[in-house]
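What follows is start38.cif (mmCIF, C-alpha atoms and all ligand atoms).
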data_my_file
#
loop_
_atom_site.label_atom_id
_atom_site.label_comp_id
_atom_site.auth_asym_id
_atom_site.auth_seq_id
_atom_site.Cartn_x
_atom_site.Cartn_y
_atom_site.Cartn_z
CA MET A 1 0.00 0.00 0.00
CA THR A 2 1.43 3.42 -0.87
CA GLN A 3 1.39 6.13 1.74
CA GLU A 4 -1.17 8.13 -0.26
CA GLN A 5 -3.59 5.19 -0.19
CA ASN A 6 -3.66 5.02 3.60
CA ASN A 7 -7.45 5.47 3.87
CA GLY A 8 -7.19 8.69 1.87
CA PHE A 9 -4.79 10.24 4.38
CA ALA A 10 -1.24 10.77 3.18
CA THR A 11 1.45 9.98 5.71
CA GLU A 12 4.46 11.50 4.00
CA TYR A 13 5.56 14.74 5.70
CA ARG A 14 5.97 16.75 2.49
CA GLN A 15 2.45 15.87 1.38
CA ILE A 16 1.06 16.76 4.79
CA LEU A 17 2.71 20.18 4.66
CA SER A 18 1.32 20.81 1.20
CA GLN A 19 -2.14 19.99 2.52
CA ILE A 20 -1.83 23.02 4.84
CA ASP A 21 -1.12 25.17 1.78
CA ARG A 22 -4.41 24.08 0.25
CA VAL A 23 -6.60 25.32 3.13
CA ASP A 24 -9.18 27.82 1.87
CA PRO A 25 -10.39 29.70 4.98
CA VAL A 26 -12.96 31.77 3.07
CA LYS A 27 -14.70 28.80 1.47
CA TYR A 28 -14.36 26.96 4.79
CA ALA A 29 -16.35 29.64 6.62
CA LYS A 30 -19.25 29.37 4.17
CA THR A 31 -19.43 25.60 3.85
CA ARG A 32 -17.89 23.85 6.86
CA ASN A 33 -21.16 22.53 8.32
CA PHE A 34 -22.07 20.68 5.14
CA ALA A 35 -21.03 17.08 4.44
CA ASP A 36 -19.23 18.25 1.30
CA GLY A 37 -17.93 21.51 2.79
CA ALA A 38 -14.35 22.72 2.41
CA VAL A 39 -13.07 21.14 5.61
CA THR A 40 -9.34 20.52 5.81
CA ARG A 41 -9.00 16.90 7.07
CA LEU A 42 -5.88 18.07 8.89
CA SER A 43 -6.98 16.79 12.29
CA PRO A 44 -5.22 13.38 12.11
CA TYR A 45 -1.90 15.22 11.71
CA VAL A 46 -2.61 17.73 14.48
CA SER A 47 -3.75 14.97 16.82
CA ARG A 48 -0.68 12.86 16.17
CA GLY A 49 1.51 15.94 16.72
CA VAL A 50 2.97 15.88 13.20
CA ILE A 51 1.93 19.50 12.71
CA SER A 52 0.77 22.07 15.24
CA THR A 53 -2.20 24.40 15.30
CA ARG A 54 0.39 27.19 15.45
CA MET A 55 1.87 26.12 12.10
CA ILE A 56 -1.57 26.21 10.50
CA LEU A 57 -2.35 29.59 12.06
CA GLU A 58 0.89 31.09 10.72
CA LYS A 59 0.10 29.82 7.21
CA ILE A 60 -3.37 31.34 7.33
CA LEU A 61 -2.15 34.69 8.64
CA GLY A 62 0.51 34.60 5.92
CA LEU A 63 -2.20 34.60 3.24
CA GLY A 64 -2.65 38.31 3.91
CA LEU A 65 -6.46 38.11 3.95
CA ALA A 66 -8.61 40.50 6.00
CA PHE A 67 -9.22 39.10 9.48
CA ASP A 68 -12.99 38.89 9.04
CA ARG A 69 -12.42 36.47 6.13
CA THR A 70 -10.21 34.12 8.14
CA GLU A 71 -11.76 34.54 11.58
CA LYS A 72 -14.16 31.59 11.37
CA PHE A 73 -11.40 29.19 10.41
CA ILE A 74 -8.98 30.48 13.06
CA GLN A 75 -11.74 30.29 15.64
CA GLU A 76 -12.45 26.63 14.82
CA LEU A 77 -8.74 25.86 14.99
CA ALA A 78 -8.63 27.53 18.39
CA TRP A 79 -11.23 25.06 19.70
CA ARG A 80 -8.47 22.46 19.55
CA ASP A 81 -6.19 24.46 21.82
CA TYR A 82 -9.11 25.41 24.04
CA TRP A 83 -9.94 21.76 24.76
CA GLN A 84 -6.25 20.96 25.25
CA GLN A 85 -5.87 23.80 27.72
CA ILE A 86 -8.76 22.36 29.71
CA TRP A 87 -7.07 18.96 29.74
CA VAL A 88 -3.80 20.54 30.88
CA SER A 89 -5.62 22.43 33.67
CA LYS A 90 -8.07 19.78 34.79
CA GLY A 91 -6.09 16.60 34.10
CA ASP A 92 -8.00 13.35 34.54
CA THR A 93 -11.11 15.13 35.83
CA ILE A 94 -12.13 15.54 32.16
CA ASN A 95 -12.92 11.82 32.33
CA SER A 96 -15.93 12.60 34.53
CA ASP A 97 -18.81 15.04 34.08
CA LEU A 98 -16.99 18.37 34.10
CA LYS A 99 -19.47 21.14 34.88
CA GLN A 100 -22.55 19.27 36.02
CA PRO A 101 -23.84 15.70 36.07
CA GLN A 102 -25.26 14.60 32.73
CA GLN A 103 -29.06 14.58 33.05
CA ASP A 104 -31.49 11.85 32.01
CA VAL A 105 -28.96 8.98 31.85
CA ALA A 106 -30.38 5.47 31.50
CA HIS A 107 -27.11 3.49 31.40
CA GLN A 108 -23.33 3.64 31.06
CA GLN A 109 -23.13 1.50 27.93
CA MET A 110 -23.03 1.90 24.16
CA PRO A 111 -26.19 1.68 22.00
CA LEU A 112 -25.82 -1.43 19.85
CA ALA A 113 -27.49 0.21 16.83
CA LEU A 114 -24.67 2.76 16.65
CA VAL A 115 -21.99 0.06 16.86
CA ASN A 116 -23.75 -1.83 14.07
CA ALA A 117 -24.39 1.30 11.98
CA ALA A 118 -28.07 0.32 12.07
CA THR A 119 -29.90 3.26 13.62
CA GLY A 120 -32.14 3.65 10.57
CA ILE A 121 -30.92 7.23 10.05
CA ASN A 122 -29.21 6.67 6.71
CA ALA A 123 -26.72 9.55 6.87
CA ILE A 124 -25.61 8.45 10.35
CA ASP A 125 -25.30 4.78 9.44
CA GLU A 126 -23.27 5.60 6.34
CA ALA A 127 -21.01 7.91 8.34
CA ILE A 128 -20.33 5.17 10.92
CA GLU A 129 -19.40 2.72 8.16
CA GLU A 130 -17.10 5.42 6.79
CA LEU A 131 -15.58 5.95 10.25
CA TYR A 132 -14.77 2.24 10.51
CA GLN A 133 -13.22 2.32 7.02
CA SER A 134 -11.32 5.57 6.89
CA GLY A 135 -11.11 6.76 10.50
CA TYR A 136 -12.66 10.13 9.64
CA MET A 137 -16.05 11.64 10.48
CA HIS A 138 -17.25 15.17 9.71
CA ASN A 139 -17.60 17.44 12.77
CA HIS A 140 -21.34 18.00 12.29
CA MET A 141 -21.88 14.25 12.02
CA ARG A 142 -19.88 13.68 15.23
CA MET A 143 -22.34 16.01 16.92
CA TYR A 144 -25.35 14.12 15.50
CA VAL A 145 -23.91 10.77 16.60
CA ALA A 146 -23.17 12.03 20.10
CA ALA A 147 -26.66 13.54 20.37
CA VAL A 148 -28.28 10.27 19.27
CA ALA A 149 -26.18 8.23 21.72
CA CYS A 150 -26.57 10.49 24.75
CA ASN A 151 -29.64 12.65 24.34
CA ILE A 152 -31.94 10.32 22.40
CA GLY A 153 -30.50 6.93 23.45
CA LYS A 154 -29.78 8.18 27.03
CA SER A 155 -26.28 6.72 27.31
CA HIS A 156 -23.79 8.33 29.60
CA TRP A 157 -21.21 9.98 27.28
CA ARG A 158 -18.08 8.13 28.46
CA MET A 159 -18.34 4.77 26.71
CA PRO A 160 -19.65 6.11 23.38
CA ALA A 161 -16.82 8.67 23.44
CA GLN A 162 -14.27 5.89 23.92
CA TRP A 163 -15.84 4.01 21.02
CA MET A 164 -15.48 7.02 18.73
CA TYR A 165 -11.95 7.79 19.95
CA TYR A 166 -11.00 4.16 19.27
CA HIS A 167 -12.00 4.43 15.61
CA LEU A 168 -10.94 8.00 14.80
CA LEU A 169 -7.61 8.53 13.07
CA ASP A 170 -7.56 11.95 14.73
CA GLY A 171 -8.43 10.63 18.21
CA ASP A 172 -7.56 13.39 20.67
CA TRP A 173 -8.91 12.70 24.11
CA ALA A 174 -9.43 16.38 25.01
CA SER A 175 -11.37 17.27 21.85
CA ASN A 176 -13.20 13.99 22.09
CA ALA A 177 -14.25 13.73 25.73
CA LEU A 178 -14.99 17.43 26.07
CA SER A 179 -17.01 17.62 22.84
CA TRP A 180 -19.04 14.59 23.93
CA GLN A 181 -19.62 16.30 27.25
CA TRP A 182 -20.61 19.49 25.46
CA VAL A 183 -23.24 17.61 23.42
CA ALA A 184 -24.47 15.64 26.46
CA GLY A 185 -24.81 18.80 28.55
CA SER A 186 -22.27 17.92 31.25
CA ASN A 187 -19.88 20.52 29.87
CA ALA A 188 -22.51 22.99 28.63
CA ASN A 189 -25.66 24.68 29.87
CA LYS A 190 -27.93 22.49 27.78
CA LYS A 191 -27.93 19.36 25.67
CA TYR A 192 -27.48 19.55 21.89
CA PHE A 193 -30.25 18.16 19.66
CA ALA A 194 -30.49 17.87 15.89
CA ASN A 195 -33.57 16.69 14.05
CA GLN A 196 -34.00 14.91 10.72
CA ASP A 197 -34.56 18.19 8.84
CA ASN A 198 -31.18 19.43 10.05
CA ILE A 199 -29.46 16.22 8.94
CA ASN A 200 -31.28 16.29 5.59
CA LYS A 201 -30.14 19.87 4.99
CA TYR A 202 -26.46 19.46 5.85
CA PHE A 203 -26.01 15.92 4.55
CA HIS A 204 -28.05 16.40 1.37
CA CYS A 205 -30.65 13.73 1.98
CA ASN A 206 -34.40 13.62 2.20
CA GLN A 207 -35.29 10.97 4.76
CA LYS A 208 -38.66 11.06 6.51
CA ASN A 209 -40.45 9.20 9.32
CA THR A 210 -37.38 8.44 11.40
CA PHE A 211 -37.18 8.80 15.18
CA LEU A 212 -35.51 12.18 14.56
CA ASP A 213 -38.26 13.40 12.23
CA ARG A 214 -39.78 15.64 14.91
CA THR A 215 -39.86 19.21 16.08
CA TYR A 216 -37.28 20.30 18.65
CA ALA A 217 -40.00 20.69 21.26
CA GLU A 218 -40.82 16.99 20.76
CA LEU A 219 -37.21 15.85 20.60
CA VAL A 220 -36.20 17.22 23.99
CA GLN A 221 -38.98 15.12 25.57
CA ILE A 222 -38.45 11.94 23.59
CA GLN A 223 -38.13 8.51 25.23
CA ALA A 224 -35.34 6.33 23.83
CA PRO A 225 -36.81 4.77 20.63
CA PRO A 226 -36.85 0.92 20.48
CA VAL A 227 -33.90 0.83 18.03
CA LEU A 228 -31.67 2.53 20.63
CA VAL A 229 -32.74 0.54 23.66
CA HIS A 230 -30.26 -2.34 23.29
CA SER A 231 -26.86 -1.41 24.62
CA LEU A 232 -23.64 -3.24 25.38
CA GLN A 233 -20.46 -3.00 27.40
CA LEU A 234 -17.83 -2.52 24.73
CA SER A 235 -14.55 -4.33 24.60
CA LEU A 236 -12.02 -2.37 22.55
CA PRO A 237 -8.98 -4.57 21.92
CA CYS A 238 -5.73 -2.75 21.24
CA ASP A 239 -2.72 -4.75 20.08
CA LEU A 240 0.60 -2.99 20.10
CA PRO A 241 3.40 -4.14 17.81
CA ASP A 242 5.93 -6.67 19.15
CA ASN A 243 8.76 -5.13 21.10
CA ARG A 244 12.18 -4.95 19.51
CA THR A 245 15.63 -4.42 20.95
CA ILE A 246 16.66 -0.80 20.79
CA GLN A 247 20.17 0.57 20.44
CA LEU A 248 20.91 3.71 22.42
CA ASP A 249 24.07 5.74 22.00
CA PRO A 250 25.07 6.64 25.57
CA GLN A 251 26.75 9.82 24.34
CA LEU A 252 23.47 11.24 23.00
CA PRO A 253 20.24 12.45 24.58
CA THR A 254 17.10 10.41 23.99
CA LEU A 255 14.10 12.13 22.42
CA VAL A 256 10.81 10.46 23.32
CA TYR A 257 8.03 10.44 20.72
CA ASN A 258 4.61 8.93 21.35
CA TYR A 259 1.02 8.71 20.07
CA TYR A 260 0.62 12.47 20.56
CA ASN A 261 4.04 13.60 19.34
CA LEU A 262 5.28 12.50 15.95
CA ASP A 263 6.76 15.85 14.93
CA PRO A 264 9.53 15.36 12.35
CA ALA A 265 10.69 18.98 12.81
CA TRP A 266 11.21 18.65 16.58
CA ARG A 267 14.96 19.11 17.28
CA GLN A 268 15.49 17.71 13.79
CA ASN A 269 19.05 18.99 13.39
CA GLU A 270 20.28 17.55 16.68
CA LYS A 271 22.07 14.27 17.09
CA ALA A 272 19.93 12.14 19.38
CA ASN A 273 18.48 8.73 20.04
CA ARG A 274 14.87 8.89 18.85
CA ILE A 275 12.41 6.50 20.47
CA LEU A 276 8.73 6.01 19.71
CA LEU A 277 7.41 4.99 23.13
CA LEU A 278 4.15 3.01 23.14
CA GLU A 279 3.08 2.36 26.71
CA PRO A 280 0.75 -0.64 27.18
CA ALA A 281 -0.82 0.93 30.30
CA LEU A 282 -1.76 4.04 28.36
CA PHE A 283 -3.25 2.14 25.42
CA ASN A 284 -5.10 -0.02 27.89
CA GLU A 285 -6.79 3.09 29.26
CA TYR A 286 -7.23 4.81 25.89
CA PRO A 287 -7.41 1.96 23.35
CA VAL A 288 -7.24 2.63 19.61
CA ALA A 289 -8.10 0.51 16.55
CA PRO A 290 -5.42 -1.38 14.58
CA LYS A 291 -5.71 1.03 11.64
CA ASN A 292 -4.74 3.90 13.95
CA ILE A 293 -1.67 2.04 15.19
CA ASP A 294 -0.76 1.43 11.57
CA PHE A 295 -1.28 5.11 10.69
CA MET A 296 0.87 6.20 13.63
CA LEU A 297 3.71 3.86 12.57
CA LYS A 298 3.60 5.22 9.02
CA LEU A 299 3.74 8.79 10.33
CA ALA A 300 6.73 7.82 12.48
CA ASP A 301 8.58 6.84 9.29
CA ASN A 302 9.03 10.59 8.69
CA ILE A 303 11.46 10.68 11.63
CA PRO A 304 14.87 9.38 10.53
CA GLY A 305 16.41 6.74 12.78
CA ILE A 306 13.38 6.39 15.06
CA GLN A 307 13.18 3.12 17.00
CA LEU A 308 10.07 1.56 18.46
CA PHE A 309 9.86 0.71 22.15
CA CYS A 310 6.70 -0.93 23.52
CA GLY A 311 6.95 -0.71 27.28
CA GLU A 312 6.41 1.67 30.14
CA PHE A 313 8.38 4.88 30.52
CA GLU A 314 10.22 3.54 33.58
CA GLN A 315 11.58 0.63 31.52
CA LEU A 316 12.85 3.00 28.87
CA GLN A 317 14.31 5.23 31.55
CA LYS A 318 16.38 2.31 32.89
CA LEU A 319 17.71 1.53 29.41
CA ALA A 320 18.44 5.17 28.62
CA SER A 321 20.20 5.97 31.89
CA PRO A 322 22.40 7.95 32.30
CA VAL A 323 21.64 9.95 29.14
CA ALA A 324 19.17 12.83 29.21
CA ILE A 325 15.57 12.12 28.23
CA ILE A 326 13.72 14.90 26.43
CA TYR A 327 10.01 14.96 25.61
CA LYS A 328 7.24 17.37 24.67
CA GLU A 329 4.71 18.58 27.22
CA HIS A 330 1.36 16.73 27.15
CA PRO A 331 -1.16 15.75 29.85
CA LEU A 332 -0.50 12.05 29.18
CA ASN A 333 3.25 12.48 29.81
CA ARG A 334 3.03 13.66 33.39
CA HIS A 335 4.84 10.57 34.66
CA TYR A 336 7.81 11.09 32.31
CA LYS A 337 10.99 12.27 33.95
CA GLY A 338 13.58 14.37 32.16
CA GLN A 339 13.62 17.60 30.24
CA GLN A 340 10.22 18.82 29.07
CA ASP A 341 9.95 20.93 25.91
CA PRO A 342 6.92 23.20 25.59
CA ARG A 343 4.52 22.55 22.74
CA GLU A 344 3.53 25.11 20.10
CA TRP A 345 0.24 26.72 21.12
CA MET A 346 -1.53 29.18 18.82
CA PHE A 347 -1.68 31.87 21.48
CA GLN A 348 -0.08 32.85 24.78
CA VAL A 349 -3.48 32.46 26.46
CA GLN A 350 -3.20 29.70 29.04
CA GLY A 351 -5.40 28.03 31.63
CA TYR A 352 -9.01 27.04 32.15
CA PHE A 353 -11.82 29.16 30.71
CA PRO A 354 -15.35 27.94 31.42
CA SER A 355 -16.51 29.00 27.97
CA PHE A 356 -14.81 28.96 24.57
CA PHE A 357 -15.84 32.56 23.90
CA ALA A 358 -14.17 33.81 27.08
CA PHE A 359 -10.98 32.09 25.84
CA TRP A 360 -11.45 33.39 22.29
CA LYS A 361 -11.82 36.99 23.49
CA HIS A 362 -8.24 36.85 24.78
CA CYS A 363 -6.96 35.09 21.65
CA LYS A 364 -8.50 37.75 19.44
CA LYS A 365 -6.67 40.48 21.31
CA GLU A 366 -3.39 38.74 20.53
CA ILE A 367 -4.22 38.45 16.84
CA LYS A 368 -5.08 42.14 16.70
CA ALA A 369 -1.78 42.99 18.40
CA TRP A 370 0.07 41.12 15.60
C1 LIG B 401 -18.43 14.33 19.54
C2 LIG B 401 -17.17 14.92 18.96
C3 LIG B 401 -15.97 14.22 19.07
C4 LIG B 401 -14.78 14.78 18.57
N1 LIG B 401 -13.62 14.09 18.70
C5 LIG B 401 -12.47 14.59 18.22
C6 LIG B 401 -11.25 13.87 18.34
O1 LIG B 401 -11.16 12.80 18.94
N2 LIG B 401 -10.15 14.42 17.77
C7 LIG B 401 -10.18 15.61 17.11
O2 LIG B 401 -9.15 16.03 16.58
N3 LIG B 401 -11.32 16.33 17.04
C8 LIG B 401 -12.46 15.85 17.55
N4 LIG B 401 -13.62 16.57 17.42
C9 LIG B 401 -13.57 17.93 16.86
C10 LIG B 401 -13.82 18.03 15.34
O3 LIG B 401 -14.92 17.27 14.98
C11 LIG B 401 -12.60 17.58 14.52
O4 LIG B 401 -11.41 18.21 14.98
C12 LIG B 401 -12.78 17.94 13.04
O5 LIG B 401 -13.97 17.40 12.55
C13 LIG B 401 -11.60 17.42 12.29
O6 LIG B 401 -11.78 17.48 10.89
P1 LIG B 401 -11.01 18.53 10.01
O7 LIG B 401 -9.54 18.48 10.24
O8 LIG B 401 -11.47 18.32 8.61
O9 LIG B 401 -11.55 19.87 10.64
P2 LIG B 401 -11.73 21.32 10.07
O10 LIG B 401 -13.14 21.69 10.22
O11 LIG B 401 -11.10 21.46 8.75
O12 LIG B 401 -10.94 22.20 11.13
C14 LIG B 401 -9.55 22.50 11.02
C15 LIG B 401 -8.88 22.12 12.32
O13 LIG B 401 -9.42 22.89 13.38
C16 LIG B 401 -9.56 22.10 14.55
N5 LIG B 401 -10.98 21.98 14.87
C17 LIG B 401 -12.03 22.30 14.09
N6 LIG B 401 -13.19 22.13 14.75
C18 LIG B 401 -12.86 21.68 15.97
C19 LIG B 401 -13.61 21.32 17.13
N7 LIG B 401 -14.94 21.40 17.17
N8 LIG B 401 -12.93 20.89 18.23
C20 LIG B 401 -11.58 20.82 18.23
N9 LIG B 401 -10.82 21.16 17.17
C21 LIG B 401 -11.44 21.58 16.06
C22 LIG B 401 -8.96 20.74 14.23
O14 LIG B 401 -7.61 20.72 14.61
C23 LIG B 401 -9.08 20.67 12.72
O15 LIG B 401 -8.12 19.84 12.14
C24 LIG B 401 -14.82 16.05 17.93
C25 LIG B 401 -16.03 16.73 17.83
C26 LIG B 401 -17.19 16.17 18.32
C27 LIG B 401 -18.48 16.94 18.18
#

Can you present the structure in this file as structure tokens?
Amino acid sequence: MTQEQNNGFATEYRQILSQIDRVDPVKYAKTRNFADGAVTRLSPYVSRGVISTRMILEKILGLGLAFDRTEKFIQELAWRDYWQQIWVSKGDTINSDLKQPQQDVAHQQMPLALVNAATGINAIDEAIEELYQSGYMHNHMRMYVAAVACNIGKSHWRMPAQWMYYHLLDGDWASNALSWQWVAGSNANKKYFANQDNINKYFHCNQKNTFLDRTYAELVQIQAPPVLVHSLQLSLPCDLPDNRTIQLDPQLPTLVYNYYNLDPAWRQNEKANRILLLEPALFNEYPVAPKNIDFMLKLADNIPGIQLFCGEFEQLQKLASPVAIIYKEHPLNRHYKGQQDPREWMFQVQGYFPSFFAFWKHCKKEIKAW
């Protein structure tokens, strides 16, 4: 399989960079909510840390367009950093209901009809099949799926979120868990609902007589329809590659890469041992599908001399001692020991903001100052 054929997502660094050049922020603003809108499909590369939101922002600002023409795109990009900042500030508490308990929860499982892509809502079922195949799902569709699981099917958000994270090529636990919580109303003032008319409009279909073919006043009161009543405790198997012996040069520092940092430009001109660390304990807690492991390994090929190590950080630390270990800051690396490099945020704005727009207000000031 060539890199280009990897489920429609290139894995070669040069191709990824050229994809940033093709972003059209003006068309994006007008069409992004539609199934065939000018979305960028850059998220798998941002999530895997191959490129940063900052890199994309600089490219967009470099286009020299008036701010009001690029604002919508930059704002959407900033959601990524917003969710990450919450993860940094709140740590593992994002794994539970963040602002308030999710209301009207019938169970903690996953509706079977979603797993089987058999809800009867054609656009949703097709999108789930597509997710299983390619690892991508449009943002608006992610919202529909989460609303069906949590607000119509009455699941608690956590297990359905893990299911989606497992299958997404761009799985990012902050964007994922916090968006699910936003839809389910545990990280927002109210739950998000979409009816069949909305889906028909944005996904260019014309389905009628489904359980979503109702007014919003009806939808907020709906009992779980029979098709969503069956639920199951998911098992999400995650097989890591076999471990191999690594060779470390004791004269050189060791740079640690992982599922969230595959940046080929990171300290690229320095002589170093480069290790892709895959920790079984972490993948046990946040499992991902085989195609995502495969995608990650292909992205790692962009880093010359990188060696794979499947084991816990402490095991690597013993092997690397006494050389310096260097890694990039990330909430899942808090147990690493060594020298921590900062990551490239879009803005200087740091910390927890209870609403995106409070965060965005500060970001906007920085853009204006540029
Ligand atoms: C229920 C749910 C689960 C989600 N899970 C994830 C996830 O696991 N990983 C993930 O990367 N995103 C997640 N998102 C956010 C969003 O759906 C994706 O980032 C976006 O669809 C990626 O496609 P794109 O690159 O074509 O985005 P575009 O629309 O082209 O946006 C450009 C970039 O901006 C950022 N961005 C845009 N919208 C959002 C958003 N709402 N939240 C965060 N960042 C955004 C992304 O980095 C994206 O690559 C989730 C959203 C929902 C509603």

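Closest approach to ligand LIG 401 (chain B) among A:Tyr136, A:Trp180, A:Phe353, A:Trp163: A:Trp180, based on all atoms listed in the file.
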
Under the rule of at most 12 Å, produce a per-residue listing of range 62-103 of chain A near range 191-205 of chain A: chain, number, name, the closest pair of atoms, and the distance in Å, as a Markdown table, using only C-alpha atoms.
| residue | atom | partner | partner_atom | distance |
| --- | --- | --- | --- | --- |
| A:Gln100 | CA | A:Lys191 | CA | 11.7 |
| A:Pro101 | CA | A:Lys191 | CA | 11.8 |
| A:Gln102 | CA | A:Lys191 | CA | 8.9 |
| A:Gln103 | CA | A:Lys191 | CA | 8.9 |

Between A:Arg48, A:Lys90, A:Lys328, A:His140, which has the minimum distance to Arg32 in chain A (counting all atoms listed in the file)?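 Answer, going by the shortest atom-to-atom distance: A:His140.
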
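As for CA of Thr254 in chain A and CA of Asp294 in chain A, they are spaced 23.5 Å apart.
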
So for ligand LIG 401 (chain B), what box centre and size do we get, axis-aligned, 6 Å extra on each of the six sides, every listed atom, Å to one decimal, as lines of an AutoDock Vina configuration file?
center_x = -13.0
center_y = 17.8
center_z = 14.1
size_x = 22.9
size_y = 22.1
size_z = 22.9

Option closest in space to Glu76 in chain A, from A:Leu212, A:Ile20, A:Ala369, A:Ile56 [counting all atoms listed in the file]: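 Distance minimum relative to Glu76 in chain A lands on A:Ile56.
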
Which residues are near ligand LIG 401 (chain B) - at most 6 Å, using all atoms listed in the file? Format: as a ChimeraX atom specification. /A:39-43,46-47,76-77,79-80,138-139,142-143,146,165,170-173,175-176,179-180

Interatomic distance, CA of Val26 in chain A to CA of Phe356 in chain A (Å, one decimal): 21.8 Å

Do you know which residues lie at most 6 Å from (4.9, 13.8, 13.2), with coordinates as in the file and only C-alpha atoms counted, and could you write them as a list in words?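 It turns out the residues near that spot are Gly49, Val50, Leu262, Asp263, Pro264 and Leu299 of chain A.
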
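Restricting the calculation to only C-alpha atoms, the smallest distance between Tyr45 in chain A and any of A:Leu98, A:Ala300, A:Ala174, A:Ala188 is found for A:Ala300.
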
Counting all atoms listed in the file, what is within 10 Å of Asp239 in chain A, bar same-chain residues fewer than 2 positions away, as JSON, numbers by chain? {"A": [236, 237, 241, 242, 280, 283, 284, 287, 288, 289, 290, 293]}

My list of candidates is A:Thr215, A:Gln307, A:Asn189, A:Gln84. Which is closest to Asn243 in chain A when distances are computed with all atoms listed in the file?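 With all atoms listed in the file as the atom set, the closest residue is A:Gln307.
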